file query-v5.pdb (PDB, C-alpha atoms, pLDDT in the B column)
MODEL        1
ATOM      1  CA  MET L   1       0.000   0.000   0.000  1.00 44.00           C
ATOM      2  CA  THR L   2       1.908   3.031   1.187  1.00 47.00           C
ATOM      3  CA  THR L   3       5.197   1.224   1.181  1.00 49.00           C
ATOM      4  CA  GLU L   4       4.377  -0.236  -2.155  1.00 49.00           C
ATOM      5  CA  SER L   5       3.671   3.132  -3.727  1.00 49.00           C
ATOM      6  CA  THR L   6       6.837   4.692  -2.333  1.00 52.00           C
ATOM      7  CA  THR L   7       9.018   1.868  -3.455  1.00 53.00           C
ATOM      8  CA  ARG L   8       7.421   2.011  -6.836  1.00 55.00           C
ATOM      9  CA  SER L   9       8.145   5.727  -7.286  1.00 57.00           C
ATOM     10  CA  TYR L  10      11.884   5.075  -7.439  1.00 61.00           C
ATOM     11  CA  HIS L  11      13.083   3.705 -10.693  1.00 63.00           C
ATOM     12  CA  TYR L  12      16.733   2.966 -10.675  1.00 65.00           C
ATOM     13  CA  SER L  13      18.105   2.179 -14.020  1.00 66.00           C
ATOM     14  CA  GLU L  14      21.601   1.386 -14.997  1.00 69.00           C
ATOM     15  CA  PHE L  15      21.262   3.655 -17.990  1.00 71.00           C
ATOM     16  CA  HIS L  16      19.693   6.703 -16.371  1.00 68.00           C
ATOM     17  CA  PRO L  17      21.125   9.811 -18.026  1.00 71.00           C
ATOM     18  CA  ARG L  18      23.366  11.904 -15.798  1.00 74.00           C
ATOM     19  CA  TRP L  19      22.254  15.502 -15.147  1.00 77.00           C
ATOM     20  CA  TYR L  20      24.322  18.122 -16.874  1.00 81.00           C
ATOM     21  CA  ARG L  21      24.826  20.646 -14.119  1.00 81.00           C
ATOM     22  CA  PRO L  22      28.241  22.272 -14.226  1.00 83.00           C
ATOM     23  CA  ARG L  23      29.295  23.723 -10.871  1.00 83.00           C
ATOM     24  CA  VAL L  24      29.452  27.500 -10.918  1.00 81.00           C
ATOM     25  CA  SER L  25      31.774  29.189  -8.454  1.00 82.00           C
ATOM     26  CA  VAL L  26      30.182  31.523  -5.906  1.00 77.00           C
ATOM     27  CA  TYR L  27      32.646  34.172  -7.102  1.00 79.00           C
ATOM     28  CA  TRP L  28      31.975  33.802 -10.838  1.00 80.00           C
ATOM     29  CA  TRP L  29      31.181  37.524 -11.119  1.00 77.00           C
ATOM     30  CA  LEU L  30      34.797  38.405 -10.269  1.00 80.00           C
ATOM     31  CA  TRP L  31      35.928  37.406 -13.748  1.00 81.00           C
ATOM     32  CA  GLN L  32      33.334  39.280 -15.794  1.00 83.00           C
ATOM     33  CA  ARG L  33      33.827  43.001 -16.168  1.00 85.00           C
ATOM     34  CA  HIS L  34      30.178  44.042 -16.184  1.00 86.00           C
ATOM     35  CA  TYR L  35      29.210  41.946 -13.197  1.00 85.00           C
ATOM     36  CA  LEU L  36      32.325  43.040 -11.333  1.00 86.00           C
ATOM     37  CA  LYS L  37      31.307  46.645 -11.970  1.00 88.00           C
ATOM     38  CA  PHE L  38      27.815  45.843 -10.695  1.00 88.00           C
ATOM     39  CA  ILE L  39      29.171  44.243  -7.519  1.00 87.00           C
ATOM     40  CA  LEU L  40      31.599  47.138  -6.925  1.00 90.00           C
ATOM     41  CA  ARG L  41      28.664  49.536  -7.272  1.00 92.00           C
ATOM     42  CA  GLU L  42      26.724  47.526  -4.713  1.00 92.00           C
ATOM     43  CA  ILE L  43      29.744  47.456  -2.386  1.00 93.00           C
ATOM     44  CA  SER L  44      29.941  51.257  -2.537  1.00 96.00           C
ATOM     45  CA  SER L  45      26.992  51.133  -0.119  1.00 96.00           C
ATOM     46  CA  VAL L  46      29.332  49.783   2.575  1.00 96.00           C
ATOM     47  CA  PHE L  47      31.393  52.971   2.298  1.00 97.00           C
ATOM     48  CA  VAL L  48      28.232  55.061   2.365  1.00 97.00           C
ATOM     49  CA  ALA L  49      27.387  53.393   5.693  1.00 97.00           C
ATOM     50  CA  GLY L  50      31.003  53.882   6.806  1.00 97.00           C
ATOM     51  CA  PHE L  51      30.680  57.600   6.174  1.00 97.00           C
ATOM     52  CA  VAL L  52      27.542  57.712   8.336  1.00 98.00           C
ATOM     53  CA  VAL L  53      29.417  55.935  11.145  1.00 97.00           C
ATOM     54  CA  MET L  54      32.204  58.529  10.872  1.00 97.00           C
ATOM     55  CA  THR L  55      29.639  61.330  10.976  1.00 97.00           C
ATOM     56  CA  LEU L  56      27.997  59.829  14.071  1.00 97.00           C
ATOM     57  CA  PHE L  57      31.422  59.686  15.781  1.00 97.00           C
ATOM     58  CA  GLN L  58      31.985  63.298  14.745  1.00 97.00           C
ATOM     59  CA  LEU L  59      28.655  64.369  16.246  1.00 97.00           C
ATOM     60  CA  ALA L  60      29.400  62.460  19.462  1.00 97.00           C
ATOM     61  CA  ALA L  61      32.803  64.201  19.619  1.00 97.00           C
ATOM     62  CA  LEU L  62      31.235  67.624  19.059  1.00 96.00           C
ATOM     63  CA  LYS L  63      28.772  66.843  21.838  1.00 95.00           C
ATOM     64  CA  GLY L  64      31.693  65.795  24.077  1.00 95.00           C
ATOM     65  CA  GLY L  65      33.297  69.246  23.937  1.00 95.00           C
ATOM     66  CA  PRO L  66      36.420  70.860  22.373  1.00 96.00           C
ATOM     67  CA  GLN L  67      38.870  68.287  23.789  1.00 96.00           C
ATOM     68  CA  ALA L  68      36.844  65.308  22.563  1.00 96.00           C
ATOM     69  CA  TYR L  69      36.580  66.949  19.149  1.00 97.00           C
ATOM     70  CA  ALA L  70      40.330  67.589  18.990  1.00 96.00           C
ATOM     71  CA  ASP L  71      40.906  63.880  19.728  1.00 97.00           C
ATOM     72  CA  PHE L  72      38.488  62.956  16.943  1.00 97.00           C
ATOM     73  CA  VAL L  73      40.311  65.244  14.474  1.00 97.00           C
ATOM     74  CA  ASN L  74      43.627  63.667  15.494  1.00 96.00           C
ATOM     75  CA  SER L  75      42.320  60.155  14.907  1.00 96.00           C
ATOM     76  CA  LEU L  76      41.213  61.173  11.385  1.00 96.00           C
ATOM     77  CA  ALA L  77      44.781  62.317  10.655  1.00 95.00           C
ATOM     78  CA  SER L  78      46.302  58.842  11.058  1.00 96.00           C
ATOM     79  CA  PRO L  79      47.665  57.485   7.747  1.00 96.00           C
ATOM     80  CA  ILE L  80      45.474  54.366   7.936  1.00 96.00           C
ATOM     81  CA  VAL L  81      42.292  56.390   8.377  1.00 97.00           C
ATOM     82  CA  ILE L  82      43.293  58.773   5.574  1.00 97.00           C
ATOM     83  CA  GLY L  83      43.959  55.753   3.327  1.00 97.00           C
ATOM     84  CA  LEU L  84      40.565  54.261   4.180  1.00 97.00           C
ATOM     85  CA  ASN L  85      38.881  57.586   3.524  1.00 97.00           C
ATOM     86  CA  VAL L  86      40.570  57.902   0.119  1.00 98.00           C
ATOM     87  CA  ILE L  87      39.246  54.435  -0.810  1.00 97.00           C
ATOM     88  CA  ALA L  88      35.825  55.363   0.587  1.00 97.00           C
ATOM     89  CA  PHE L  89      35.864  58.604  -1.433  1.00 98.00           C
ATOM     90  CA  LEU L  90      36.607  56.706  -4.672  1.00 97.00           C
ATOM     91  CA  PHE L  91      33.739  54.288  -3.981  1.00 97.00           C
ATOM     92  CA  VAL L  92      31.333  57.090  -3.126  1.00 97.00           C
ATOM     93  CA  MET L  93      32.287  58.929  -6.330  1.00 97.00           C
ATOM     94  CA  PHE L  94      31.614  55.680  -8.194  1.00 96.00           C
ATOM     95  CA  HIS L  95      28.189  55.570  -6.568  1.00 96.00           C
ATOM     96  CA  THR L  96      27.491  59.216  -7.463  1.00 96.00           C
ATOM     97  CA  ILE L  97      28.472  58.833 -11.122  1.00 95.00           C
ATOM     98  CA  THR L  98      26.673  55.518 -11.654  1.00 93.00           C
ATOM     99  CA  TRP L  99      23.582  56.853  -9.848  1.00 94.00           C
ATOM    100  CA  PHE L 100      23.365  60.001 -11.982  1.00 92.00           C
ATOM    101  CA  ASN L 101      23.987  58.067 -15.183  1.00 90.00           C
ATOM    102  CA  LEU L 102      21.194  55.661 -14.294  1.00 86.00           C
ATOM    103  CA  ALA L 103      18.578  58.412 -14.364  1.00 78.00           C
ATOM    104  CA  PRO L 104      18.226  58.516 -18.183  1.00 77.00           C
ATOM    105  CA  SER L 105      17.514  54.758 -18.256  1.00 79.00           C
ATOM    106  CA  ALA L 106      15.172  54.820 -15.270  1.00 76.00           C
ATOM    107  CA  MET L 107      13.311  57.908 -16.453  1.00 73.00           C
ATOM    108  CA  PRO L 108      13.435  58.485 -20.202  1.00 72.00           C
ATOM    109  CA  VAL L 109      12.452  62.072 -20.960  1.00 75.00           C
ATOM    110  CA  ARG L 110      10.596  62.713 -24.197  1.00 77.00           C
ATOM    111  CA  LEU L 111      10.396  66.081 -25.866  1.00 75.00           C
ATOM    112  CA  GLY L 112       8.257  66.572 -28.924  1.00 78.00           C
ATOM    113  CA  GLY L 113       7.945  62.810 -29.409  1.00 79.00           C
ATOM    114  CA  LYS L 114      11.715  62.311 -29.367  1.00 80.00           C
ATOM    115  CA  ARG L 115      13.724  60.855 -26.567  1.00 77.00           C
ATOM    116  CA  LEU L 116      16.213  63.303 -25.095  1.00 78.00           C
ATOM    117  CA  PRO L 117      19.840  62.137 -25.330  1.00 79.00           C
ATOM    118  CA  ALA L 118      21.064  60.474 -22.139  1.00 78.00           C
ATOM    119  CA  PHE L 119      23.632  63.123 -21.251  1.00 80.00           C
ATOM    120  CA  LEU L 120      20.960  65.847 -21.296  1.00 81.00           C
ATOM    121  CA  VAL L 121      18.874  63.910 -18.746  1.00 81.00           C
ATOM    122  CA  ALA L 122      21.884  63.229 -16.525  1.00 86.00           C
ATOM    123  CA  ALA L 123      23.316  66.759 -16.790  1.00 90.00           C
ATOM    124  CA  PRO L 124      20.939  68.493 -14.312  1.00 90.00           C
ATOM    125  CA  SER L 125      22.015  66.007 -11.602  1.00 91.00           C
ATOM    126  CA  TYR L 126      25.652  66.966 -12.111  1.00 95.00           C
ATOM    127  CA  VAL L 127      24.837  70.682 -12.074  1.00 95.00           C
ATOM    128  CA  LEU L 128      22.831  70.258  -8.852  1.00 96.00           C
ATOM    129  CA  TRP L 129      25.646  68.177  -7.345  1.00 97.00           C
ATOM    130  CA  VAL L 130      28.275  70.848  -8.077  1.00 97.00           C
ATOM    131  CA  ALA L 131      26.014  73.599  -6.718  1.00 97.00           C
ATOM    132  CA  ILE L 132      25.299  71.689  -3.485  1.00 97.00           C
ATOM    133  CA  SER L 133      28.974  70.785  -3.045  1.00 97.00           C
ATOM    134  CA  VAL L 134      30.013  74.436  -3.416  1.00 97.00           C
ATOM    135  CA  PHE L 135      27.320  75.553  -0.979  1.00 97.00           C
ATOM    136  CA  VAL L 136      28.198  72.915   1.654  1.00 96.00           C
ATOM    137  CA  SER L 137      31.917  73.739   1.338  1.00 96.00           C
ATOM    138  CA  TRP L 138      31.124  77.436   1.723  1.00 96.00           C
ATOM    139  CA  LEU L 139      29.126  76.714   4.918  1.00 95.00           C
ATOM    140  CA  ILE L 140      31.870  74.537   6.433  1.00 96.00           C
ATOM    141  CA  LEU L 141      34.833  76.663   5.382  1.00 94.00           C
ATOM    142  CA  GLN L 142      33.511  80.068   6.463  1.00 80.00           C
TER     143      GLN L 142
ATOM    144  CA  MET U   1       0.342  41.334  -1.590  1.00 42.00           C
ATOM    145  CA  GLN U   2       1.580  42.487   1.779  1.00 49.00           C
ATOM    146  CA  LYS U   3       5.111  41.466   0.918  1.00 53.00           C
ATOM    147  CA  GLN U   4       5.020  43.376  -2.331  1.00 57.00           C
ATOM    148  CA  SER U   5       3.899  46.647  -0.773  1.00 65.00           C
ATOM    149  CA  ASN U   6       6.688  46.350   1.829  1.00 79.00           C
ATOM    150  CA  GLU U   7       9.213  45.885  -0.937  1.00 82.00           C
ATOM    151  CA  ALA U   8       8.063  49.104  -2.598  1.00 86.00           C
ATOM    152  CA  PHE U   9       8.414  50.976   0.694  1.00 88.00           C
ATOM    153  CA  PHE U  10      11.997  49.792   1.204  1.00 89.00           C
ATOM    154  CA  TRP U  11      12.796  50.547  -2.399  1.00 89.00           C
ATOM    155  CA  VAL U  12      11.649  54.157  -1.993  1.00 91.00           C
ATOM    156  CA  LEU U  13      13.893  54.492   1.072  1.00 92.00           C
ATOM    157  CA  PHE U  14      16.726  52.951  -0.928  1.00 93.00           C
ATOM    158  CA  SER U  15      16.408  55.293  -3.870  1.00 92.00           C
ATOM    159  CA  ALA U  16      15.891  58.389  -1.717  1.00 94.00           C
ATOM    160  CA  GLY U  17      19.034  57.385   0.177  1.00 95.00           C
ATOM    161  CA  GLY U  18      20.842  56.871  -3.105  1.00 95.00           C
ATOM    162  CA  VAL U  19      20.058  60.429  -4.202  1.00 95.00           C
ATOM    163  CA  VAL U  20      21.039  61.923  -0.841  1.00 96.00           C
ATOM    164  CA  ALA U  21      24.269  59.913  -0.692  1.00 96.00           C
ATOM    165  CA  ALA U  22      25.196  60.768  -4.296  1.00 96.00           C
ATOM    166  CA  LEU U  23      24.636  64.504  -3.822  1.00 96.00           C
ATOM    167  CA  LEU U  24      25.952  65.099  -0.309  1.00 97.00           C
ATOM    168  CA  ILE U  25      28.520  62.528   0.789  1.00 97.00           C
ATOM    169  CA  PRO U  26      31.380  63.227  -1.688  1.00 97.00           C
ATOM    170  CA  VAL U  27      31.885  66.843  -0.599  1.00 97.00           C
ATOM    171  CA  GLN U  28      31.722  66.082   3.129  1.00 97.00           C
ATOM    172  CA  LEU U  29      33.916  63.001   2.897  1.00 97.00           C
ATOM    173  CA  PHE U  30      36.459  64.887   0.798  1.00 97.00           C
ATOM    174  CA  LEU U  31      36.643  67.796   3.237  1.00 97.00           C
ATOM    175  CA  PHE U  32      36.637  65.966   6.581  1.00 97.00           C
ATOM    176  CA  GLY U  33      38.281  62.712   5.507  1.00 97.00           C
ATOM    177  CA  ILE U  34      40.972  63.935   3.094  1.00 97.00           C
ATOM    178  CA  ALA U  35      41.423  67.698   2.675  1.00 96.00           C
ATOM    179  CA  PHE U  36      41.464  68.725   6.367  1.00 96.00           C
ATOM    180  CA  PRO U  37      43.627  65.827   7.681  1.00 96.00           C
ATOM    181  CA  LEU U  38      46.187  66.392   4.900  1.00 96.00           C
ATOM    182  CA  GLY U  39      46.197  70.136   5.515  1.00 94.00           C
ATOM    183  CA  TRP U  40      45.062  71.035   1.979  1.00 96.00           C
ATOM    184  CA  LEU U  41      42.429  73.329   3.436  1.00 95.00           C
ATOM    185  CA  GLN U  42      42.094  75.130   6.745  1.00 94.00           C
ATOM    186  CA  ALA U  43      39.925  72.947   9.006  1.00 94.00           C
ATOM    187  CA  PRO U  44      36.954  74.699  10.637  1.00 96.00           C
ATOM    188  CA  THR U  45      37.146  75.415  14.362  1.00 95.00           C
ATOM    189  CA  TYR U  46      35.104  73.621  17.001  1.00 96.00           C
ATOM    190  CA  ASP U  47      33.083  76.777  17.631  1.00 96.00           C
ATOM    191  CA  HIS U  48      32.263  77.231  13.952  1.00 96.00           C
ATOM    192  CA  LEU U  49      31.030  73.626  13.619  1.00 96.00           C
ATOM    193  CA  MET U  50      28.976  73.979  16.801  1.00 96.00           C
ATOM    194  CA  SER U  51      27.368  77.164  15.483  1.00 95.00           C
ATOM    195  CA  LEU U  52      26.422  75.223  12.324  1.00 96.00           C
ATOM    196  CA  VAL U  53      25.049  72.244  14.246  1.00 96.00           C
ATOM    197  CA  ARG U  54      22.936  74.547  16.411  1.00 95.00           C
ATOM    198  CA  MET U  55      20.927  75.584  13.359  1.00 95.00           C
ATOM    199  CA  PRO U  56      17.734  73.490  13.106  1.00 95.00           C
ATOM    200  CA  LEU U  57      18.045  73.188   9.325  1.00 96.00           C
ATOM    201  CA  VAL U  58      21.574  71.799   9.581  1.00 96.00           C
ATOM    202  CA  ARG U  59      20.398  69.259  12.131  1.00 96.00           C
ATOM    203  CA  LEU U  60      17.526  68.216   9.905  1.00 97.00           C
ATOM    204  CA  TYR U  61      19.980  67.950   6.997  1.00 97.00           C
ATOM    205  CA  LEU U  62      22.348  65.721   8.983  1.00 97.00           C
ATOM    206  CA  PHE U  63      19.499  63.575  10.276  1.00 97.00           C
ATOM    207  CA  VAL U  64      18.096  62.961   6.796  1.00 97.00           C
ATOM    208  CA  LEU U  65      21.583  62.338   5.417  1.00 97.00           C
ATOM    209  CA  CYS U  66      22.444  59.755   8.088  1.00 97.00           C
ATOM    210  CA  SER U  67      19.108  57.962   8.115  1.00 97.00           C
ATOM    211  CA  LEU U  68      18.404  57.691   4.382  1.00 97.00           C
ATOM    212  CA  SER U  69      22.019  56.755   3.596  1.00 97.00           C
ATOM    213  CA  LEU U  70      21.772  53.889   6.076  1.00 97.00           C
ATOM    214  CA  PHE U  71      18.531  52.631   4.522  1.00 96.00           C
ATOM    215  CA  HIS U  72      20.217  52.876   1.134  1.00 96.00           C
ATOM    216  CA  TRP U  73      23.063  50.730   2.475  1.00 96.00           C
ATOM    217  CA  ALA U  74      20.672  48.225   4.064  1.00 96.00           C
ATOM    218  CA  HIS U  75      18.908  47.556   0.764  1.00 94.00           C
ATOM    219  CA  ARG U  76      22.010  47.233  -1.394  1.00 93.00           C
ATOM    220  CA  PHE U  77      24.019  45.265   1.117  1.00 93.00           C
ATOM    221  CA  ARG U  78      21.136  42.865   1.671  1.00 90.00           C
ATOM    222  CA  TYR U  79      20.907  42.011  -2.022  1.00 88.00           C
ATOM    223  CA  THR U  80      24.678  41.856  -2.398  1.00 86.00           C
ATOM    224  CA  LEU U  81      24.760  39.189   0.301  1.00 86.00           C
ATOM    225  CA  TYR U  82      21.768  37.347  -1.159  1.00 82.00           C
ATOM    226  CA  ASP U  83      22.993  37.289  -4.739  1.00 76.00           C
ATOM    227  CA  GLY U  84      26.732  37.825  -4.548  1.00 71.00           C
ATOM    228  CA  LEU U  85      27.393  35.146  -1.941  1.00 75.00           C
ATOM    229  CA  ARG U  86      24.243  33.050  -2.517  1.00 74.00           C
ATOM    230  CA  VAL U  87      23.122  33.010   1.076  1.00 76.00           C
ATOM    231  CA  LYS U  88      19.418  33.405   0.373  1.00 73.00           C
ATOM    232  CA  HIS U  89      18.629  30.860   3.069  1.00 79.00           C
ATOM    233  CA  LEU U  90      19.790  33.429   5.657  1.00 83.00           C
ATOM    234  CA  ASN U  91      17.160  35.806   4.286  1.00 83.00           C
ATOM    235  CA  GLU U  92      15.534  36.751   7.594  1.00 87.00           C
ATOM    236  CA  VAL U  93      18.788  37.098   9.544  1.00 89.00           C
ATOM    237  CA  ILE U  94      20.314  39.396   6.922  1.00 90.00           C
ATOM    238  CA  PHE U  95      17.125  41.427   6.637  1.00 91.00           C
ATOM    239  CA  THR U  96      16.995  41.945  10.407  1.00 92.00           C
ATOM    240  CA  LEU U  97      20.688  42.831  10.684  1.00 93.00           C
ATOM    241  CA  CYS U  98      20.630  45.304   7.775  1.00 94.00           C
ATOM    242  CA  TYR U  99      17.434  47.148   8.604  1.00 95.00           C
ATOM    243  CA  GLY U 100      18.052  46.779  12.331  1.00 96.00           C
ATOM    244  CA  GLY U 101      21.384  48.538  11.794  1.00 96.00           C
ATOM    245  CA  ALA U 102      19.710  51.277   9.789  1.00 96.00           C
ATOM    246  CA  VAL U 103      17.028  51.836  12.440  1.00 97.00           C
ATOM    247  CA  LEU U 104      19.644  51.837  15.215  1.00 97.00           C
ATOM    248  CA  GLY U 105      21.790  54.360  13.330  1.00 97.00           C
ATOM    249  CA  THR U 106      18.731  56.546  12.730  1.00 97.00           C
ATOM    250  CA  ILE U 107      17.859  56.523  16.456  1.00 97.00           C
ATOM    251  CA  LEU U 108      21.477  57.289  17.378  1.00 97.00           C
ATOM    252  CA  ALA U 109      21.634  60.170  14.890  1.00 97.00           C
ATOM    253  CA  GLY U 110      18.340  61.523  16.228  1.00 97.00           C
ATOM    254  CA  TYR U 111      19.549  61.302  19.814  1.00 97.00           C
ATOM    255  CA  LEU U 112      22.910  62.966  19.098  1.00 96.00           C
ATOM    256  CA  LEU U 113      21.398  65.764  17.059  1.00 96.00           C
ATOM    257  CA  TRP U 114      18.626  66.352  19.588  1.00 95.00           C
ATOM    258  CA  THR U 115      20.993  66.607  22.573  1.00 94.00           C
ATOM    259  CA  ILE U 116      24.073  68.132  20.956  1.00 89.00           C
ATOM    260  CA  ALA U 117      23.494  71.741  21.917  1.00 76.00           C
TER     261      ALA U 117
ENDMDL
END
call {"tool": "encode", "arguments": {"input": "query-v5.pdb", "output": "C-alpha cells"}}
result
Amino acid sequence: MTTESTTRSYHYSEFHPRWYRPRVSVYWWLWQRHYLKFILREISSVFVAGFVVMTLFQLAALKGGPQAYADFVNSLASPIVIGLNVIAFLFVMFHTITWFNLAPSAMPVRLGGKRLPAFLVAAPSYVLWVAISVFVSWLILQ
Amino acid sequence: MQKQSNEAFFWVLFSAGGVVAALLIPVQLFLFGIAFPLGWLQAPTYDHLMSLVRMPLVRLYLFVLCSLSLFHWAHRFRYTLYDGLRVKHLNEVIFTLCYGGAVLGTILAGYLLWTIA
C-alpha cells in the first residue's frame, strides 16, 4: 500500500542519463567586467554606511566638547584612516556617477515625441551636485 | 500582496538614500576625511562647527543624510549578500541585521542631534 507506492516511485536504471549541471563558483562575477562593476557599485553602499558611522562619531565628539573633538580630528589624521577615507571617497564617487547616469535609463524624458539624449537627462544632476557641493563647502569653510 | 507593498516601501527608502548619498557625501567626505587631515584646506574650528550644528536646518539635513544613507546601504548590502554570496537561506537574519542597523543608526543620529546643543 503506502510502502508499495513509495518503493514504486523510485526507478533505478543502470542507464539513467546523468544531469548536466556544471558547478558555478560563488565568485563567478569576479571574472566578468560588467558583473564586477555591478558588484563594486553595490559594495559602494558599505562605504556610504562607513561615512555615516564617521559622521555619528563626529557628532558624538562635538557633543563631548572641544577636547573630545580635537581627539576625533587627530584620529582622522592617522595614515590608515586617511587611506581608508581615500578608498571610501573613490567608492562614493563611483556611486554618485553611476547613480546620476542611471537616471536617463530609469526615467526616459521625451520632448516633442523624441527621446532626449542620455547626457541631457543626466546633466541636471551633475549641475545640482556641483552647486550643493560648493554651498556645503562654503558653509563649512567660512 | 503584503510582501510586495513592503518591498516598494523599502525601495523608496533605498532610492531616496541613493540620491542623498550621491549629492551630499562626496563633498563632506572629501573635506573631513581627506582635505582637512592632509592640511590642503584650513579645518573649521570647534566653535564654527557647533554654530552650524545649532541651526535646526543643519540638524535636519544631517538627520536625513544619516538615516536615508543607512537605509540605502541596508537595501544594497542585503541584495549583495543574497545574490553575490548566494546566502538566500539566511534571508531573515540578513534582513533583520541590515534594517536593524539602519534603524539603530537613525535613532542614534536623532539622539545625538537632539541633545548636541
call {"tool": "resolve_selection", "arguments": {"input": "query-v5.pdb", "expression": "the PyMOL selection byres ((chain U) within 9 of (chain L))", "output": "PyMOL selection string"}}
result
chain U and resi 18-19+21-34+36-38+41-44+46-50+52-53+62+65-67+69-77+79-80+84-86+102+105+108-109+112-113+115-117
call {"tool": "closest_residue", "arguments": {"input": "query-v5.pdb", "among": "U:Val58, U:Val93, U:Leu81, U:Val64", "to": "Ile107 of chain U", "atoms": "only C-alpha atoms"}}
result
U:Val64
call {"tool": "atom_distance", "arguments": {"input": "query-v5.pdb", "atom1": "atom CA of Val24 of chain L", "atom2": "atom CA of Phe95 of chain U"}}
result
25.6 Å
call {"tool": "atom_distance", "arguments": {"input": "query-v5.pdb", "atom1": "atom CA of Val12 of chain U", "atom2": "atom CA of Leu120 of chain L"}}
result
24.4 Å
call {"tool": "atom_distance", "arguments": {"input": "query-v5.pdb", "atom1": "atom CA of Leu68 of chain U", "atom2": "atom CA of Leu13 of chain U"}}
result
6.4 Å
call {"tool": "axis_aligned_box", "arguments": {"input": "query-v5.pdb", "around": "segment 133-140 of chain L", "padding_each_side": "4 Å", "output": "lines of an AutoDock Vina configuration file"}}
result
center_x = 29.6
center_y = 74.1
center_z = 1.5
size_x = 12.6
size_y = 14.7
size_z = 17.8
call {"tool": "residues_around", "arguments": {"input": "query-v5.pdb", "residues": "Val121 of chain L", "least_positions_apart": "4", "cutoff": "7 Å", "atoms": "all atoms listed in the file", "output": "PyMOL selection string"}}
result
chain L and resi 104+116-117
call {"tool": "decode", "arguments": {"input": "query-v5.pdb", "residues": "segment 14-59 of chain U", "atoms": "C-alpha atoms", "output": "CSV table (one decimal), in the first residue's frame"}}
result
chain,number,residue,atom,x,y,z
U,14,PHE,CA,16.7,53.0,-0.9
U,15,SER,CA,16.4,55.3,-3.9
U,16,ALA,CA,15.9,58.4,-1.7
U,17,GLY,CA,19.0,57.4,0.2
U,18,GLY,CA,20.8,56.9,-3.1
U,19,VAL,CA,20.1,60.4,-4.2
U,20,VAL,CA,21.0,61.9,-0.8
U,21,ALA,CA,24.3,59.9,-0.7
U,22,ALA,CA,25.2,60.8,-4.3
U,23,LEU,CA,24.6,64.5,-3.8
U,24,LEU,CA,26.0,65.1,-0.3
U,25,ILE,CA,28.5,62.5,0.8
U,26,PRO,CA,31.4,63.2,-1.7
U,27,VAL,CA,31.9,66.8,-0.6
U,28,GLN,CA,31.7,66.1,3.1
U,29,LEU,CA,33.9,63.0,2.9
U,30,PHE,CA,36.5,64.9,0.8
U,31,LEU,CA,36.6,67.8,3.2
U,32,PHE,CA,36.6,66.0,6.6
U,33,GLY,CA,38.3,62.7,5.5
U,34,ILE,CA,41.0,63.9,3.1
U,35,ALA,CA,41.4,67.7,2.7
U,36,PHE,CA,41.5,68.7,6.4
U,37,PRO,CA,43.6,65.8,7.7
U,38,LEU,CA,46.2,66.4,4.9
U,39,GLY,CA,46.2,70.1,5.5
U,40,TRP,CA,45.1,71.0,2.0
U,41,LEU,CA,42.4,73.3,3.4
U,42,GLN,CA,42.1,75.1,6.7
U,43,ALA,CA,39.9,72.9,9.0
U,44,PRO,CA,37.0,74.7,10.6
U,45,THR,CA,37.1,75.4,14.4
U,46,TYR,CA,35.1,73.6,17.0
U,47,ASP,CA,33.1,76.8,17.6
U,48,HIS,CA,32.3,77.2,14.0
U,49,LEU,CA,31.0,73.6,13.6
U,50,MET,CA,29.0,74.0,16.8
U,51,SER,CA,27.4,77.2,15.5
U,52,LEU,CA,26.4,75.2,12.3
U,53,VAL,CA,25.0,72.2,14.2
U,54,ARG,CA,22.9,74.5,16.4
U,55,MET,CA,20.9,75.6,13.4
U,56,PRO,CA,17.7,73.5,13.1
U,57,LEU,CA,18.0,73.2,9.3
U,58,VAL,CA,21.6,71.8,9.6
U,59,ARG,CA,20.4,69.3,12.1
